[in-house]
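> Just passing along the structure, written as structure tokens.
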Amino acid sequence: MTELLHKELTGQIIGVYYDVYNDLSQTYPEFVYEKAMMADLRGLGIPCVRQDKYEIRYKDWIVGRQELDIFVAQAVVVEIKVTERIEPIHLVQLLSYLKTVGKEVGLLFRFGGPEPEFERRVLTQSAWDTNLQTGPPDRLVNSEGLLYPELVFDVVGGLIEVFKTLGPGFVHRIYANACYRELYHLRGLDTLPRTEMQVFYRGRAIAEIKFAHIQIEDKLLVFPVAIGDVNNIRIQNLKDWMHHLQVPLGILANFQDIHLTPIILRI
């Protein structure tokens with residue numbers, strides 16, 4: 001029988017989780033449980049850090065920095081969620097964080113429900129490939145009546161590469177930076193990184209917001225986002241911006257998912 005990696009350490013961390021779960025209300029925000037677990041771990045003489053920032057790399061480039069919940073003994077990543085249940089996206093995010101710090105073992109603990117629940121994951125190439133399955137560009141995008149099909153397939157291929165390399169779990173600007181590196185530096189497309197977008201209301205521009213996205217020639221706008229439910233984005237707002245720039249085609253790609261499903265926009 002194969003011995004579990006970091007078996008003794010993960011056993012201690014799981015014991016701390018049960019203590020905190022049983023002794024605290026299930027109505028607190030995440031940071032309360034993080035601090036409680038940190039206190040108990042340190043009481044056991046186990047070194048750990050909370051909300052430490054790590055460089056996120058996309059191939060040869062640093063594309064941003066992001067915090068992790070708890071990193072224990074430079075060996076185990078601990079992620080905490082306050083939610084009704086552990087969802088598949090939470091487990092894939094855990095793999096993404098393991099890849100970020102170059103470690104193999106992660107623990108995901110859920111608070112906020114009537115019963116304790118946790119998952120243990122080990123990062124392997126097989127686990128990564130299985131959890132980040134996605135089809136080729138010509139299966140994700142219907143080419144019938146599509147403007148600039150060769151360009152669209154090239155861009156969607158780049159978005160797939162970013163998704164399969166980074167995985168979900170990072171903030172929007174990290175994906176925007178990685179997409180720019182992939183599309184401009186590696187695919188040689190004529191790209192313009194945009195950092196702001198005007199908001200239109202009843203045909204008039206009323207405000208300007210920070211929003212990293214990418215323009216490719218005068219043909220296409222790429223909108224990389226990282227949001228729990230892409231349906232919360234009002235597509236018409238993106239189309240208004242496309243119309244203002246006189247760019248006829250757009251691609252909306254949500255990286256906060258277990259599958260990448262690009263949405264083609266037309267004006």
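We name chains A, B, ... following the order of the structure tokens; residues begin at 1 in each chain, and ligands are numbered from 1 as shown.
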Would you please give, as a VMD selection string, all residues of range 121-259 of chain A that DSSP assigns to helix (DSSP H, G or I) based on the backbone?
chain A and resid 125 to 131 137 to 140 149 to 166 172 to 186 230 to 232 235 to 245
> For Leu41 in chain A, please output as a ChimeraX atom specification all residues within 9 Å (counting only C-alpha atoms; exclusion window: fewer than 4 positions along the same chain).
/A:12-13,16,36-37,45-48,72
> Quick one: residues within 7 Å of Phe255 in chain A, only C-alpha atoms, excluding same-chain residues fewer than 4 positions away - as JSON, numbers by chain?
{"A": [163, 168, 225, 226, 260]}
> For the residues in the current selection, export all heavy atoms as a compact mmCIF listing (two decimals), in the first residue's frame.

# COMPACT_ATOMS: atom_id res chain seq x y z
N PHE A 163 -5.65 28.91 -20.40
CA PHE A 163 -6.48 28.18 -19.45
C PHE A 163 -5.81 26.88 -19.00
O PHE A 163 -5.78 26.56 -17.81
CB PHE A 163 -7.84 27.88 -20.09
CG PHE A 163 -8.79 27.13 -19.21
CD1 PHE A 163 -9.35 27.74 -18.10
CD2 PHE A 163 -9.14 25.82 -19.50
CE1 PHE A 163 -10.24 27.05 -17.28
CE2 PHE A 163 -10.02 25.13 -18.68
CZ PHE A 163 -10.58 25.74 -17.58
N PRO A 168 -8.04 27.69 -13.31
CA PRO A 168 -8.87 28.72 -12.68
C PRO A 168 -8.35 29.10 -11.30
O PRO A 168 -7.46 28.45 -10.75
CB PRO A 168 -10.24 28.05 -12.58
CG PRO A 168 -9.91 26.60 -12.43
CD PRO A 168 -8.66 26.36 -13.24
N VAL A 225 -12.18 37.32 -18.48
CA VAL A 225 -12.75 37.63 -17.17
C VAL A 225 -12.56 36.43 -16.25
O VAL A 225 -12.26 35.32 -16.70
CB VAL A 225 -14.25 38.00 -17.26
CG1 VAL A 225 -14.45 39.24 -18.12
CG2 VAL A 225 -15.07 36.83 -17.81
N ALA A 226 -12.74 36.65 -14.96
CA ALA A 226 -12.70 35.58 -13.96
C ALA A 226 -13.84 35.86 -12.98
O ALA A 226 -13.68 36.60 -12.02
CB ALA A 226 -11.35 35.55 -13.26
N LEU A 260 -13.37 25.96 -20.36
CA LEU A 260 -13.32 27.24 -21.04
C LEU A 260 -14.31 27.20 -22.21
O LEU A 260 -14.20 26.34 -23.09
CB LEU A 260 -11.91 27.53 -21.57
CG LEU A 260 -11.73 28.92 -22.20
CD1 LEU A 260 -11.78 30.00 -21.13
CD2 LEU A 260 -10.42 29.01 -22.97
> Please provide the set of residues having any atom within 7 Å of range 129-140 of chain A, restricted to only C-alpha atoms, with same-chain residues fewer than 3 positions apart removed, written as a VMD selection string.
chain A and resid 92 125 to 126 153 156 to 157 164 258 to 261
> Counting only C-alpha atoms, which of A:Val63, A:Leu265, A:Val82, A:Val199 gets nearest to Cys179 in chain A?
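Result for the nearest residue to Cys179 in chain A: A:Val63.
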> Tell me which protein, DNA and RNA residues are within 9 Å of Arg121 in chain A, counting only C-alpha atoms, leaving out same-chain ones fewer than 4 positions away, and put them as a list in words.
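Selected residues are Leu91, Leu94, Leu95, Glu104, Val105, Gly106, Leu107, Leu108 and Ala127 of chain A.
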> Pull the strand (DSSP E) assignments for range 45-133 of chain A out of DSSP run on the backbone, and list those residues as JSON, numbers by chain.
{"A": [48, 49, 50, 53, 54, 55, 56, 57, 58, 61, 62, 63, 64, 65, 66, 67, 70, 71, 72, 76, 77, 78, 79, 80, 81, 82, 105, 106, 107, 108, 109, 110, 111, 117, 118, 119, 120, 121, 122]}
> Please report the interatomic distance between CA of Arg194 in chain A and CA of Tyr180 in chain A in Å with one decimal.
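Computing it gives 10.1 Å between the two atoms.
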> Using only C-alpha atoms, can you tell me which of A:Ile14, A:Ser96, A:Ala253, A:Arg57 comes closest to Asp40 in chain A?
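Checking each of A:Ile14, A:Ser96, A:Ala253, A:Arg57 against Asp40 in chain A, counting only C-alpha atoms, the winner is A:Ile14.
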